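Q: Structure below; questions to follow.
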Amino acid sequence: MLWVPNNLFKDMVAIARKAYPHECCGVMVGTLKDGVKSVTQVVEIENLNRARAHDRYDLDPQGFMRAEKAAAKEGLSIVGIFHSHPDHPSRASETDRLHAWPVYSYLIIAIHKGEYHDHHNWILNEAQQMVEEEIQIREA
């Protein structure tokens with residue numbers, strides 16, 4: 001399960017809207033305890049995919065490492081990755097599945113015509129399939 005404070009969810013939606021018509025990407029930082037990932041920070045990371053930014057993202061590895069190191073200094077860790085799907089459903093694509101890592105949550109935010117449409121959260125299971133993972137957006 002993924003718990004996201006409402007204000008951080010709004011921040012991710014704003015990042016996705018700003019990037020439209022391209023995909024945005026970033027990481028969710030927080031804690032993992034008893035199977036619950038609690039998000040305490042979100043960090044936007046540059047999408048290095050220039051050729052297909054409208055339907056692909058490549059998370060900048062340097063940005064990822066900076067976020068990981070900063071999280072570790074605070075006793076936190078990266079618990080998931082968020083990205084947007086411009087004018088496309090918020091379901092995990094085959095490309096998303098192929099690039100997914102176990103344990104991380106994958107929050108996909110659908111942006112249609114520049115506005116928030118919906119979101120779904122995914123996780124890679126043991127059979128290497130993306131399955132929907134419960135998400136709770138709650139007041140901070």
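Chains: A, B, ... in order of the structure tokens. Residues: from 1 per chain. Ligands: from 1, in order shown.
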Extract, using only C-alpha atoms, all DNA, RNA and protein residues at most 10 Å from stretch 120-123 of chain A, discarding same-chain residues fewer than 2 positions from it, and format them as a PyMOL selection string.

A: chain A and resi 1-2+80-82+89-92+96-97+100-110+118+125-126+128-136

Q: How would the residues just picked look written out with C-alpha atoms as a PDB file, in the first residue's frame?

A:
```
ATOM      1  CA  MET A   1       0.000   0.000   0.000  1.00  0.00           C
ATOM      2  CA  LEU A   2       1.124   3.565  -0.743  1.00  0.00           C
ATOM      3  CA  GLY A  80       8.455   4.796  -5.619  1.00  0.00           C
ATOM      4  CA  ILE A  81       8.537   6.573  -8.922  1.00  0.00           C
ATOM      5  CA  PHE A  82       5.881   8.830 -10.385  1.00  0.00           C
ATOM      6  CA  PRO A  89      -4.783   6.296 -19.594  1.00  0.00           C
ATOM      7  CA  SER A  90      -2.993   5.944 -16.260  1.00  0.00           C
ATOM      8  CA  ARG A  91      -2.444   2.233 -16.711  1.00  0.00           C
ATOM      9  CA  ALA A  92       1.066   0.808 -16.777  1.00  0.00           C
ATOM     10  CA  ASP A  96       6.664   0.796 -17.835  1.00  0.00           C
ATOM     11  CA  ARG A  97       6.685  -2.909 -16.977  1.00  0.00           C
ATOM     12  CA  ALA A 100      10.059  -1.380 -13.393  1.00  0.00           C
ATOM     13  CA  TRP A 101      12.006  -2.489 -10.346  1.00  0.00           C
ATOM     14  CA  PRO A 102      10.563  -4.725  -7.622  1.00  0.00           C
ATOM     15  CA  VAL A 103       9.278  -3.153  -4.403  1.00  0.00           C
ATOM     16  CA  TYR A 104       8.860   0.377  -5.815  1.00  0.00           C
ATOM     17  CA  SER A 105       5.404   1.845  -6.274  1.00  0.00           C
ATOM     18  CA  TYR A 106       4.744   3.354  -9.711  1.00  0.00           C
ATOM     19  CA  LEU A 107       2.226   6.184  -9.568  1.00  0.00           C
ATOM     20  CA  ILE A 108       0.976   7.201 -13.006  1.00  0.00           C
ATOM     21  CA  ILE A 109      -0.913  10.476 -13.388  1.00  0.00           C
ATOM     22  CA  ALA A 110      -3.027  10.883 -16.522  1.00  0.00           C
ATOM     23  CA  ASP A 118      -6.966  10.421 -12.984  1.00  0.00           C
ATOM     24  CA  ASN A 125       4.823  -8.560  -8.857  1.00  0.00           C
ATOM     25  CA  GLU A 126       6.870 -11.765  -8.631  1.00  0.00           C
ATOM     26  CA  GLN A 128       7.058  -9.691 -13.520  1.00  0.00           C
ATOM     27  CA  GLN A 129       3.618  -8.215 -14.208  1.00  0.00           C
ATOM     28  CA  MET A 130       2.405  -4.776 -13.240  1.00  0.00           C
ATOM     29  CA  VAL A 131      -0.540  -5.067 -10.868  1.00  0.00           C
ATOM     30  CA  GLU A 132      -2.505  -2.300  -9.267  1.00  0.00           C
ATOM     31  CA  GLU A 133      -1.360  -1.436  -5.755  1.00  0.00           C
ATOM     32  CA  GLU A 134      -3.670   0.273  -3.276  1.00  0.00           C
ATOM     33  CA  ILE A 135      -3.054   3.980  -2.789  1.00  0.00           C
ATOM     34  CA  GLN A 136      -4.480   6.256  -0.133  1.00  0.00           C
TER      35      GLN A 136
END
```

Q: Quick one: residues within 9 Å of A:Gln41, only C-alpha atoms, excluding same-chain residues fewer than 4 positions away - as a list in words?

A: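 Once the adjacent positions are removed, what remains is Leu8, Val27, Met28, Val29, Gly30 and Ala71 of chain A.
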
Q: Compare A:Asp34, A:Glu139, A:Glu115, A:Glu68 by their minimum atom-to-atom distance to A:Asp87, counting only C-alpha atoms, and give me the closest one.

A: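 Nearest candidate to A:Asp87 out of A:Asp34, A:Glu139, A:Glu115, A:Glu68: A:Glu115.
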
Q: Neighbouring residues of stretch 56-61 of chain A were defined as those with any atom within 6 Å, considering only C-alpha atoms; residues of the same chain fewer than 5 positions away were excluded. Please report them as number ranges by chain.

A: A: 46-49

Q: Distance atom CA of A:Cys25-atom CA of A:Ile45, one decimal place?

A: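 So the answer is 5.7 Å.
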
Q: Run DSSP on the backbone of this structure and report the residues of chain A it assigns to strand (DSSP E or B), as a PyMOL selection string.

A: chain A and resi 2-5+25-33+36-45+47+59+77-86+105-112+115-124+130-132+135-138

Q: Distance atom CA of A:Arg52-atom CA of A:Glu23, one decimal place?

A: 9.0 Å

Q: From stretch 49-78 of chain A, collect each residue whose DSSP state is helix (DSSP H, G or I) and return the set as an NGL selection string.

A: :A and (61-73)

Q: Which residue out of A:Thr95, A:Asp11, A:Pro21, A:Thr40 has the minimum interatomic distance to A:Gly75 when only C-alpha atoms are used?

A: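 Ranking A:Thr95, A:Asp11, A:Pro21, A:Thr40 by distance to A:Gly75, first place goes to A:Thr40.
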
Q: Using only C-alpha atoms, which residue out of A:Ser93, A:Ser84, A:Ser77, A:Thr31 lies closest to A:Val13?

A: A:Ser84

Q: Give me, please, the distance in Å between atom CA of A:His117 and atom CA of A:Val43, quoted to one decimal.

A: 21.4 Å

Q: Out of A:His112, A:Trp3, A:Lys10, A:Arg50, which residue has the shortest atom-to-atom distance to A:Val36 when counting only C-alpha atoms?

A: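 Checking each candidate against A:Val36, we get A:Trp3 as the closest.
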